[in-house]
file start_33.cif (mmCIF, C-alpha atoms)
data_input
#
loop_
_atom_site.group_PDB
_atom_site.id
_atom_site.type_symbol
_atom_site.label_atom_id
_atom_site.label_comp_id
_atom_site.auth_asym_id
_atom_site.auth_seq_id
_atom_site.Cartn_x
_atom_site.Cartn_y
_atom_site.Cartn_z
ATOM 1 C CA MET A 1 -10.986 -1.402 40.452
ATOM 2 C CA ARG A 2 -13.019 1.026 38.422
ATOM 3 C CA PHE A 3 -9.900 3.071 37.658
ATOM 4 C CA THR A 4 -8.114 -0.046 36.374
ATOM 5 C CA GLN A 5 -11.074 -0.923 34.189
ATOM 6 C CA LEU A 6 -11.132 2.625 32.842
ATOM 7 C CA ILE A 7 -7.453 2.351 31.878
ATOM 8 C CA TYR A 8 -8.107 -0.945 30.091
ATOM 9 C CA VAL A 9 -11.024 0.593 28.206
ATOM 10 C CA ALA A 10 -8.944 3.612 27.231
ATOM 11 C CA MET A 11 -6.111 1.366 26.020
ATOM 12 C CA ALA A 12 -8.563 -0.704 23.995
ATOM 13 C CA VAL A 13 -10.003 2.420 22.377
ATOM 14 C CA VAL A 14 -6.526 3.675 21.468
ATOM 15 C CA PHE A 15 -5.651 0.271 20.027
ATOM 16 C CA ILE A 16 -8.843 0.163 17.963
ATOM 17 C CA ILE A 17 -8.378 3.709 16.642
ATOM 18 C CA THR A 18 -4.733 3.018 15.809
ATOM 19 C CA GLY A 19 -5.726 -0.144 14.012
ATOM 20 C CA ILE A 20 -8.405 1.641 12.041
ATOM 21 C CA ARG A 21 -6.114 4.482 10.992
ATOM 22 C CA ALA A 22 -2.955 2.451 10.508
ATOM 23 C CA SER A 23 -1.224 2.662 7.164
ATOM 24 C CA ASP A 24 2.080 1.232 6.058
ATOM 25 C CA LYS A 25 4.928 3.482 4.974
ATOM 26 C CA TYR A 26 6.806 2.574 1.801
ATOM 27 C CA VAL A 27 9.952 4.231 0.470
ATOM 28 C CA PRO A 28 11.639 3.794 -2.936
ATOM 29 C CA ASP A 29 14.349 1.299 -3.763
ATOM 30 C CA LYS A 30 16.339 3.654 -5.974
ATOM 31 C CA ALA A 31 18.240 0.837 -7.663
ATOM 32 C CA HIS A 32 14.947 -0.276 -9.214
ATOM 33 C CA THR A 33 13.168 3.055 -9.672
ATOM 34 C CA ASN A 34 12.989 5.506 -12.574
ATOM 35 C CA ILE A 35 11.559 9.018 -12.307
ATOM 36 C CA GLY A 36 11.404 9.787 -16.008
ATOM 37 C CA PHE A 37 9.873 11.931 -18.709
ATOM 38 C CA THR A 38 9.863 12.396 -22.466
ATOM 39 C CA VAL A 39 9.464 15.470 -24.698
ATOM 40 C CA LYS A 40 9.388 15.959 -28.442
ATOM 41 C CA HIS A 41 12.400 17.649 -30.046
ATOM 42 C CA MET A 42 11.817 19.531 -33.299
ATOM 43 C CA VAL A 43 8.565 17.575 -33.713
ATOM 44 C CA ILE A 44 10.384 14.526 -35.082
ATOM 45 C CA ALA A 45 12.222 12.955 -32.125
ATOM 46 C CA THR A 46 11.263 11.835 -28.612
ATOM 47 C CA VAL A 47 13.932 12.668 -26.036
ATOM 48 C CA PRO A 48 13.917 10.887 -22.656
ATOM 49 C CA GLY A 49 15.209 12.177 -19.355
ATOM 50 C CA LYS A 50 15.141 11.361 -15.669
ATOM 51 C CA PHE A 51 15.857 12.754 -12.213
ATOM 52 C CA GLY A 52 18.431 11.089 -9.992
ATOM 53 C CA GLU A 53 17.699 12.693 -6.606
ATOM 54 C CA TYR A 54 14.275 12.408 -5.000
ATOM 55 C CA THR A 55 12.340 11.273 -1.960
ATOM 56 C CA ILE A 56 8.968 9.521 -1.942
ATOM 57 C CA ASP A 57 6.853 8.743 1.125
ATOM 58 C CA PHE A 58 3.978 6.454 0.233
ATOM 59 C CA MET A 59 1.547 5.726 3.055
ATOM 60 C CA PHE A 60 -0.752 2.925 1.950
ATOM 61 C CA ASP A 61 -3.765 1.391 3.653
ATOM 62 C CA GLU A 62 -5.446 -1.031 1.298
ATOM 63 C CA ASN A 63 -8.487 -1.397 3.573
ATOM 64 C CA ASP A 64 -9.110 2.338 3.942
ATOM 65 C CA LEU A 65 -7.737 4.548 1.201
ATOM 66 C CA GLU A 66 -8.538 7.670 3.245
ATOM 67 C CA ASN A 67 -5.431 6.778 5.247
ATOM 68 C CA SER A 68 -3.260 6.599 2.118
ATOM 69 C CA SER A 69 -1.094 9.458 0.872
ATOM 70 C CA ILE A 70 1.845 10.283 -1.382
ATOM 71 C CA GLU A 71 4.475 12.962 -0.893
ATOM 72 C CA ALA A 72 7.312 13.280 -3.391
ATOM 73 C CA THR A 73 10.181 15.746 -3.741
ATOM 74 C CA ILE A 74 12.469 15.839 -6.778
ATOM 75 C CA LYS A 75 15.718 17.817 -6.965
ATOM 76 C CA THR A 76 15.622 19.764 -10.236
ATOM 77 C CA ALA A 77 19.420 19.972 -10.449
ATOM 78 C CA SER A 78 19.545 16.176 -10.686
ATOM 79 C CA ILE A 79 18.037 16.182 -14.188
ATOM 80 C CA ASP A 80 19.793 13.843 -16.603
ATOM 81 C CA THR A 81 19.126 13.618 -20.345
ATOM 82 C CA ASP A 82 22.501 12.063 -21.163
ATOM 83 C CA ASN A 83 23.802 15.360 -22.557
ATOM 84 C CA GLU A 84 25.728 17.695 -20.231
ATOM 85 C CA LYS A 85 25.189 20.859 -22.276
ATOM 86 C CA ARG A 86 21.446 20.241 -22.510
ATOM 87 C CA ASP A 87 21.211 19.363 -18.816
ATOM 88 C CA ASN A 88 22.926 22.613 -17.839
ATOM 89 C CA HIS A 89 20.478 24.512 -20.047
ATOM 90 C CA LEU A 90 17.553 22.718 -18.392
ATOM 91 C CA ARG A 91 18.872 23.712 -14.958
ATOM 92 C CA SER A 92 19.101 27.369 -16.027
ATOM 93 C CA ALA A 93 16.501 30.121 -15.739
ATOM 94 C CA ASP A 94 15.267 29.250 -19.245
ATOM 95 C CA PHE A 95 13.737 26.070 -17.846
ATOM 96 C CA PHE A 96 13.693 24.858 -14.212
ATOM 97 C CA ASN A 97 15.819 27.647 -12.714
ATOM 98 C CA ALA A 98 17.226 25.067 -10.300
ATOM 99 C CA GLU A 99 19.109 27.630 -8.221
ATOM 100 C CA LYS A 100 15.922 29.519 -7.350
ATOM 101 C CA HIS A 101 13.540 26.560 -7.508
ATOM 102 C CA PRO A 102 15.536 23.527 -6.371
ATOM 103 C CA GLU A 103 12.559 21.193 -5.964
ATOM 104 C CA ILE A 104 9.542 19.777 -7.750
ATOM 105 C CA THR A 105 6.957 18.530 -5.271
ATOM 106 C CA PHE A 106 3.770 16.501 -5.316
ATOM 107 C CA VAL A 107 1.513 16.241 -2.255
ATOM 108 C CA SER A 108 -1.647 14.188 -2.479
ATOM 109 C CA LYS A 109 -4.912 15.287 -0.910
ATOM 110 C CA GLU A 110 -6.845 12.133 -1.684
ATOM 111 C CA VAL A 111 -6.243 8.632 -3.006
ATOM 112 C CA ILE A 112 -9.144 6.815 -4.654
ATOM 113 C CA LYS A 113 -9.586 3.548 -6.509
ATOM 114 C CA LYS A 114 -11.202 3.447 -9.945
ATOM 115 C CA ASN A 115 -11.632 0.081 -11.636
ATOM 116 C CA ASP A 116 -8.213 -1.612 -11.682
ATOM 117 C CA GLN A 117 -6.162 1.490 -10.890
ATOM 118 C CA TYR A 118 -5.725 4.150 -8.247
ATOM 119 C CA ILE A 119 -5.735 7.926 -8.604
ATOM 120 C CA ALA A 120 -3.803 10.307 -6.380
ATOM 121 C CA LYS A 121 -5.380 13.758 -6.429
ATOM 122 C CA GLY A 122 -3.067 16.479 -5.237
ATOM 123 C CA THR A 123 -0.848 19.496 -5.793
ATOM 124 C CA LEU A 124 2.057 19.466 -8.246
ATOM 125 C CA THR A 125 4.502 22.348 -7.831
ATOM 126 C CA ILE A 126 7.107 23.166 -10.472
ATOM 127 C CA ARG A 127 9.155 26.384 -10.549
ATOM 128 C CA GLY A 128 7.027 27.783 -7.716
ATOM 129 C CA VAL A 129 3.743 27.276 -9.592
ATOM 130 C CA SER A 130 1.213 24.914 -8.023
ATOM 131 C CA LYS A 131 -1.531 23.128 -9.944
ATOM 132 C CA GLN A 132 -4.107 20.527 -8.981
ATOM 133 C CA VAL A 133 -3.530 17.283 -10.878
ATOM 134 C CA GLU A 134 -4.733 13.713 -10.900
ATOM 135 C CA LEU A 135 -2.016 11.077 -11.020
ATOM 136 C CA PRO A 136 -3.311 7.645 -12.071
ATOM 137 C CA PHE A 137 -1.218 4.683 -10.987
ATOM 138 C CA LYS A 138 -1.253 0.910 -10.845
ATOM 139 C CA LEU A 139 -0.028 -1.161 -7.938
ATOM 140 C CA LEU A 140 1.885 -4.383 -8.450
ATOM 141 C CA GLY A 141 2.279 -6.717 -5.499
ATOM 142 C CA PRO A 142 2.853 -6.812 -2.641
ATOM 143 C CA VAL A 143 5.584 -9.445 -2.754
ATOM 144 C CA GLN A 144 8.120 -10.716 -0.256
ATOM 145 C CA ASP A 145 11.739 -10.455 -1.346
ATOM 146 C CA PRO A 146 14.306 -13.141 -0.384
ATOM 147 C CA TRP A 147 15.283 -11.114 2.710
ATOM 148 C CA GLY A 148 11.743 -10.916 4.102
ATOM 149 C CA ASN A 149 10.965 -7.339 3.019
ATOM 150 C CA THR A 150 7.557 -6.394 1.646
ATOM 151 C CA ARG A 151 7.693 -4.614 -1.698
ATOM 152 C CA LEU A 152 5.218 -2.837 -3.968
ATOM 153 C CA GLY A 153 5.554 -1.755 -7.568
ATOM 154 C CA VAL A 154 3.984 1.472 -8.806
ATOM 155 C CA GLU A 155 3.492 2.365 -12.464
ATOM 156 C CA ALA A 156 2.241 5.906 -13.024
ATOM 157 C CA GLY A 157 1.977 8.357 -15.876
ATOM 158 C CA LEU A 158 0.854 11.921 -16.376
ATOM 159 C CA THR A 159 0.969 14.474 -19.206
ATOM 160 C CA ILE A 160 1.414 18.151 -18.382
ATOM 161 C CA ASP A 161 1.863 21.384 -20.305
ATOM 162 C CA ARG A 162 5.147 22.887 -19.104
ATOM 163 C CA GLN A 163 3.907 26.376 -20.015
ATOM 164 C CA ASP A 164 1.389 26.061 -17.157
ATOM 165 C CA TYR A 165 4.338 25.991 -14.748
ATOM 166 C CA GLY A 166 6.378 28.809 -16.265
ATOM 167 C CA VAL A 167 8.876 26.496 -17.977
ATOM 168 C CA SER A 168 8.479 28.525 -21.113
ATOM 169 C CA TRP A 169 11.707 28.730 -23.170
ATOM 170 C CA ASN A 170 11.301 27.767 -26.816
ATOM 171 C CA LYS A 171 12.146 28.575 -30.401
ATOM 172 C CA THR A 172 10.003 28.187 -33.495
ATOM 173 C CA LEU A 173 11.191 26.250 -36.500
ATOM 174 C CA ASP A 174 10.850 27.603 -40.037
ATOM 175 C CA THR A 175 8.130 25.007 -40.559
ATOM 176 C CA GLY A 176 6.174 26.379 -37.617
ATOM 177 C CA GLY A 177 6.916 23.595 -35.150
ATOM 178 C CA LEU A 178 8.619 24.072 -31.789
ATOM 179 C CA VAL A 179 12.170 23.082 -30.900
ATOM 180 C CA VAL A 180 10.876 21.636 -27.609
ATOM 181 C CA SER A 181 7.286 20.482 -27.211
ATOM 182 C CA ASP A 182 5.140 22.079 -24.533
ATOM 183 C CA GLU A 183 3.682 18.673 -23.735
ATOM 184 C CA VAL A 184 5.740 16.634 -21.279
ATOM 185 C CA ASN A 185 4.961 12.986 -20.616
ATOM 186 C CA ILE A 186 5.911 11.942 -17.104
ATOM 187 C CA LYS A 187 6.511 8.223 -16.535
ATOM 188 C CA LEU A 188 7.160 6.790 -13.095
ATOM 189 C CA ASP A 189 8.307 3.225 -12.482
ATOM 190 C CA VAL A 190 8.823 2.869 -8.765
ATOM 191 C CA GLU A 191 9.740 -0.068 -6.557
ATOM 192 C CA LEU A 192 8.853 0.571 -2.944
ATOM 193 C CA GLN A 193 9.920 -1.207 0.230
ATOM 194 C CA LYS A 194 7.842 -1.268 3.384
ATOM 195 C CA GLU A 195 9.518 0.349 6.361
ATOM 196 C CA GLY A 196 9.661 -1.309 9.742
#
call {"tool": "encode", "arguments": {"input": "start_33.cif", "output": "structure tokens"}}
result
Amino acid sequence: MRFTQLIYVAMAVVFIITGIRASDKYVPDKAHTNIGFTVKHMVIATVPGKFGEYTIDFMFDENDLENSSIEATIKTASIDTDNEKRDNHLRSADFFNAEKHPEITFVSKEVIKKNDQYIAKGTLTIRGVSKQVELPFKLLGPVQDPWGNTRLGVEAGLTIDRQDYGVSWNKTLDTGGLVVSDEVNIKLDVELQKEG
């Protein structure tokens, strides 16, 4: 009898711990997601681009953010700026060196809430160089789609200096400006679907 009671107690403890630490896994709906960026060209124009191949694992526990995390991997060769010649240059050793560094990664260490937005603190790695960054993002939803799936929207943005990551090719204009700005504005519009 005591052994049976002990098993019940152990099962209850496991259930409670699992409940406390449970978080829901969300993955991107790529038909409604854009992993994009913009840079200045010759000081006067803003050129957009995006990446077509990526994975995102978003573990989210609204009741306990310590259980939340974000891991993202982007394939550098999937860059698309709507110009084949430019894209090939961006894949080359002058920029991403996609053959040697095929992935950009972000791994969060902590997710916190600040006012009406969240911040994912973690490690961004580009071209083999890792830096600690803070990625602010807003959550939209959750909502139920017509097929019974739970979805979240994520809007995030971050500005980085590409020189910090060794993406250093450039030329100087006669007026002193740069052909390609060092500042890169990253803009993420992600629709996520809950797994399970």
call {"tool": "closest_residue", "arguments": {"input": "start_33.cif", "among": "A:Ala45, A:Met59, A:Leu188, A:Val167", "to": "Lys138 of chain A", "atoms": "only C-alpha atoms"}}
result
A:Leu188
call {"tool": "residues_around", "arguments": {"input": "start_33.cif", "residues": "Asn88 of chain A", "least_positions_apart": "3", "cutoff": "12 Å", "atoms": "all atoms listed in the file", "output": "list in words"}}
result
Thr76, Ala77, Ser78, Ile79, Asp80, Thr81, Asp82, Asn83, Glu84, Lys85, Arg91, Ser92, Ala93, Asp94, Phe95, Phe96, Asn97, Ala98 and Glu99 of chain A
call {"tool": "atom_distance", "arguments": {"input": "start_33.cif", "atom1": "atom CA of Thr55 of chain A", "atom2": "atom CA of His101 of chain A"}}
result
16.3 Å
call {"tool": "atom_distance", "arguments": {"input": "start_33.cif", "atom1": "atom CA of Lys194 of chain A", "atom2": "atom CA of Ala31 of chain A"}}
result
15.3 Å
call {"tool": "residues_around", "arguments": {"input": "start_33.cif", "residues": "Tyr118 of chain A", "least_positions_apart": "4", "cutoff": "6 Å", "atoms": "all atoms listed in the file", "output": "MDAnalysis selection string"}}
result
chainID A and resid 112:114 136:137
call {"tool": "write_last_selection", "arguments": {"input": "start_33.cif", "atoms": "C-alpha atoms", "output": "PDB file, in the frame of the given file"}}
result
ATOM      1  CA  ILE A 112      -9.144   6.815  -4.654  1.00  0.00           C
ATOM      2  CA  LYS A 113      -9.586   3.548  -6.509  1.00  0.00           C
ATOM      3  CA  LYS A 114     -11.202   3.447  -9.945  1.00  0.00           C
ATOM      4  CA  PRO A 136      -3.311   7.645 -12.071  1.00  0.00           C
ATOM      5  CA  PHE A 137      -1.218   4.683 -10.987  1.00  0.00           C
TER       6      PHE A 137
END
call {"tool": "residues_around", "arguments": {"input": "start_33.cif", "residues": "His41 of chain A", "least_positions_apart": "4", "cutoff": "7 Å", "atoms": "only C-alpha atoms", "output": "ChimeraX atom specification"}}
result
/A:45-47,179-181
call {"tool": "residues_around", "arguments": {"input": "start_33.cif", "residues": "segment 139-146 of chain A", "least_positions_apart": "5", "cutoff": "10 Å", "atoms": "all atoms listed in the file", "output": "NGL selection string"}}
result
:A and (116-118 or 151-156 or 190-194)
call {"tool": "resolve_selection", "arguments": {"input": "start_33.cif", "expression": "the PyMOL selection byres ((chain A and resi 64-70) around 7)", "output": "list of chain:residue names"}}
result
A:Arg21, A:Ser23, A:Asp57, A:Phe58, A:Met59, A:Phe60, A:Asp61, A:Glu62, A:Asn63, A:Glu71, A:Ala72, A:Val107, A:Ser108, A:Glu110, A:Val111, A:Ile112
call {"tool": "residues_around", "arguments": {"input": "start_33.cif", "residues": "Ile35 of chain A", "least_positions_apart": "3", "cutoff": "8 Å", "atoms": "only C-alpha atoms", "output": "PyMOL selection string"}}
result
chain A and resi 50-52+186-190
call {"tool": "atom_distance", "arguments": {"input": "start_33.cif", "atom1": "atom CA of Asp87 of chain A", "atom2": "atom CA of Gly49 of chain A"}}
result
9.4 Å
call {"tool": "resolve_selection", "arguments": {"input": "start_33.cif", "expression": "the PyMOL selection byres ((chain A and resi 104) around 10)", "output": "ChimeraX atom specification"}}
result
/A:54,72-76,96,98,101-103,105-106,124-130
call {"tool": "decode", "arguments": {"input": "start_33.cif", "residues": "segment 125-145 of chain A", "atoms": "N, CA and C atoms", "output": "PDB file, in the first residue's frame"}}
result
ATOM      1  N   THR A 125      25.251  35.152 -34.359  1.00  0.00           N
ATOM      2  CA  THR A 125      26.493  34.749 -35.012  1.00  0.00           C
ATOM      3  C   THR A 125      26.364  34.940 -36.517  1.00  0.00           C
ATOM      4  N   ILE A 126      27.252  35.752 -37.073  1.00  0.00           N
ATOM      5  CA  ILE A 126      27.308  35.997 -38.507  1.00  0.00           C
ATOM      6  C   ILE A 126      28.760  35.841 -38.947  1.00  0.00           C
ATOM      7  N   ARG A 127      28.981  35.059 -39.988  1.00  0.00           N
ATOM      8  CA  ARG A 127      30.326  34.860 -40.547  1.00  0.00           C
ATOM      9  C   ARG A 127      31.312  34.382 -39.474  1.00  0.00           C
ATOM     10  N   GLY A 128      30.813  33.566 -38.549  1.00  0.00           N
ATOM     11  CA  GLY A 128      31.650  32.985 -37.507  1.00  0.00           C
ATOM     12  C   GLY A 128      31.943  33.899 -36.350  1.00  0.00           C
ATOM     13  N   VAL A 129      31.397  35.104 -36.352  1.00  0.00           N
ATOM     14  CA  VAL A 129      31.606  36.073 -35.265  1.00  0.00           C
ATOM     15  C   VAL A 129      30.341  36.145 -34.421  1.00  0.00           C
ATOM     16  N   SER A 130      30.485  35.955 -33.124  1.00  0.00           N
ATOM     17  CA  SER A 130      29.347  35.950 -32.211  1.00  0.00           C
ATOM     18  C   SER A 130      29.343  37.197 -31.340  1.00  0.00           C
ATOM     19  N   LYS A 131      28.171  37.822 -31.245  1.00  0.00           N
ATOM     20  CA  LYS A 131      27.991  39.011 -30.424  1.00  0.00           C
ATOM     21  C   LYS A 131      26.716  38.871 -29.599  1.00  0.00           C
ATOM     22  N   GLN A 132      26.747  39.465 -28.402  1.00  0.00           N
ATOM     23  CA  GLN A 132      25.554  39.484 -27.566  1.00  0.00           C
ATOM     24  C   GLN A 132      24.653  40.638 -28.017  1.00  0.00           C
ATOM     25  N   VAL A 133      23.393  40.340 -28.263  1.00  0.00           N
ATOM     26  CA  VAL A 133      22.454  41.354 -28.727  1.00  0.00           C
ATOM     27  C   VAL A 133      21.154  41.240 -27.936  1.00  0.00           C
ATOM     28  N   GLU A 134      20.373  42.286 -28.031  1.00  0.00           N
ATOM     29  CA  GLU A 134      19.021  42.281 -27.481  1.00  0.00           C
ATOM     30  C   GLU A 134      18.050  42.500 -28.631  1.00  0.00           C
ATOM     31  N   LEU A 135      17.145  41.558 -28.800  1.00  0.00           N
ATOM     32  CA  LEU A 135      16.175  41.602 -29.887  1.00  0.00           C
ATOM     33  C   LEU A 135      14.787  41.913 -29.322  1.00  0.00           C
ATOM     34  N   PRO A 136      14.325  43.152 -29.464  1.00  0.00           N
ATOM     35  CA  PRO A 136      12.980  43.482 -28.987  1.00  0.00           C
ATOM     36  C   PRO A 136      11.930  42.972 -29.966  1.00  0.00           C
ATOM     37  N   PHE A 137      10.821  42.485 -29.431  1.00  0.00           N
ATOM     38  CA  PHE A 137       9.758  42.003 -30.315  1.00  0.00           C
ATOM     39  C   PHE A 137       8.396  42.163 -29.646  1.00  0.00           C
ATOM     40  N   LYS A 138       7.390  42.268 -30.503  1.00  0.00           N
ATOM     41  CA  LYS A 138       6.005  42.333 -30.056  1.00  0.00           C
ATOM     42  C   LYS A 138       5.294  41.049 -30.462  1.00  0.00           C
ATOM     43  N   LEU A 139       4.396  40.617 -29.590  1.00  0.00           N
ATOM     44  CA  LEU A 139       3.583  39.445 -29.885  1.00  0.00           C
ATOM     45  C   LEU A 139       2.169  39.875 -30.242  1.00  0.00           C
ATOM     46  N   LEU A 140       1.636  39.284 -31.291  1.00  0.00           N
ATOM     47  CA  LEU A 140       0.262  39.515 -31.693  1.00  0.00           C
ATOM     48  C   LEU A 140      -0.476  38.183 -31.599  1.00  0.00           C
ATOM     49  N   GLY A 141      -1.612  38.191 -30.940  1.00  0.00           N
ATOM     50  CA  GLY A 141      -2.352  36.954 -30.735  1.00  0.00           C
ATOM     51  C   GLY A 141      -2.188  36.473 -29.307  1.00  0.00           C
ATOM     52  N   PRO A 142      -2.491  35.183 -29.086  1.00  0.00           N
ATOM     53  CA  PRO A 142      -2.752  34.141 -30.077  1.00  0.00           C
ATOM     54  C   PRO A 142      -4.150  34.220 -30.679  1.00  0.00           C
ATOM     55  N   VAL A 143      -4.294  33.591 -31.851  1.00  0.00           N
ATOM     56  CA  VAL A 143      -5.596  33.450 -32.494  1.00  0.00           C
ATOM     57  C   VAL A 143      -5.756  32.010 -32.962  1.00  0.00           C
ATOM     58  N   GLN A 144      -6.998  31.619 -33.154  1.00  0.00           N
ATOM     59  CA  GLN A 144      -7.305  30.309 -33.719  1.00  0.00           C
ATOM     60  C   GLN A 144      -7.629  30.485 -35.198  1.00  0.00           C
ATOM     61  N   ASP A 145      -6.942  29.725 -36.056  1.00  0.00           N
ATOM     62  CA  ASP A 145      -7.270  29.806 -37.473  1.00  0.00           C
ATOM     63  C   ASP A 145      -8.497  28.924 -37.767  1.00  0.00           C
TER      64      ASP A 145
END
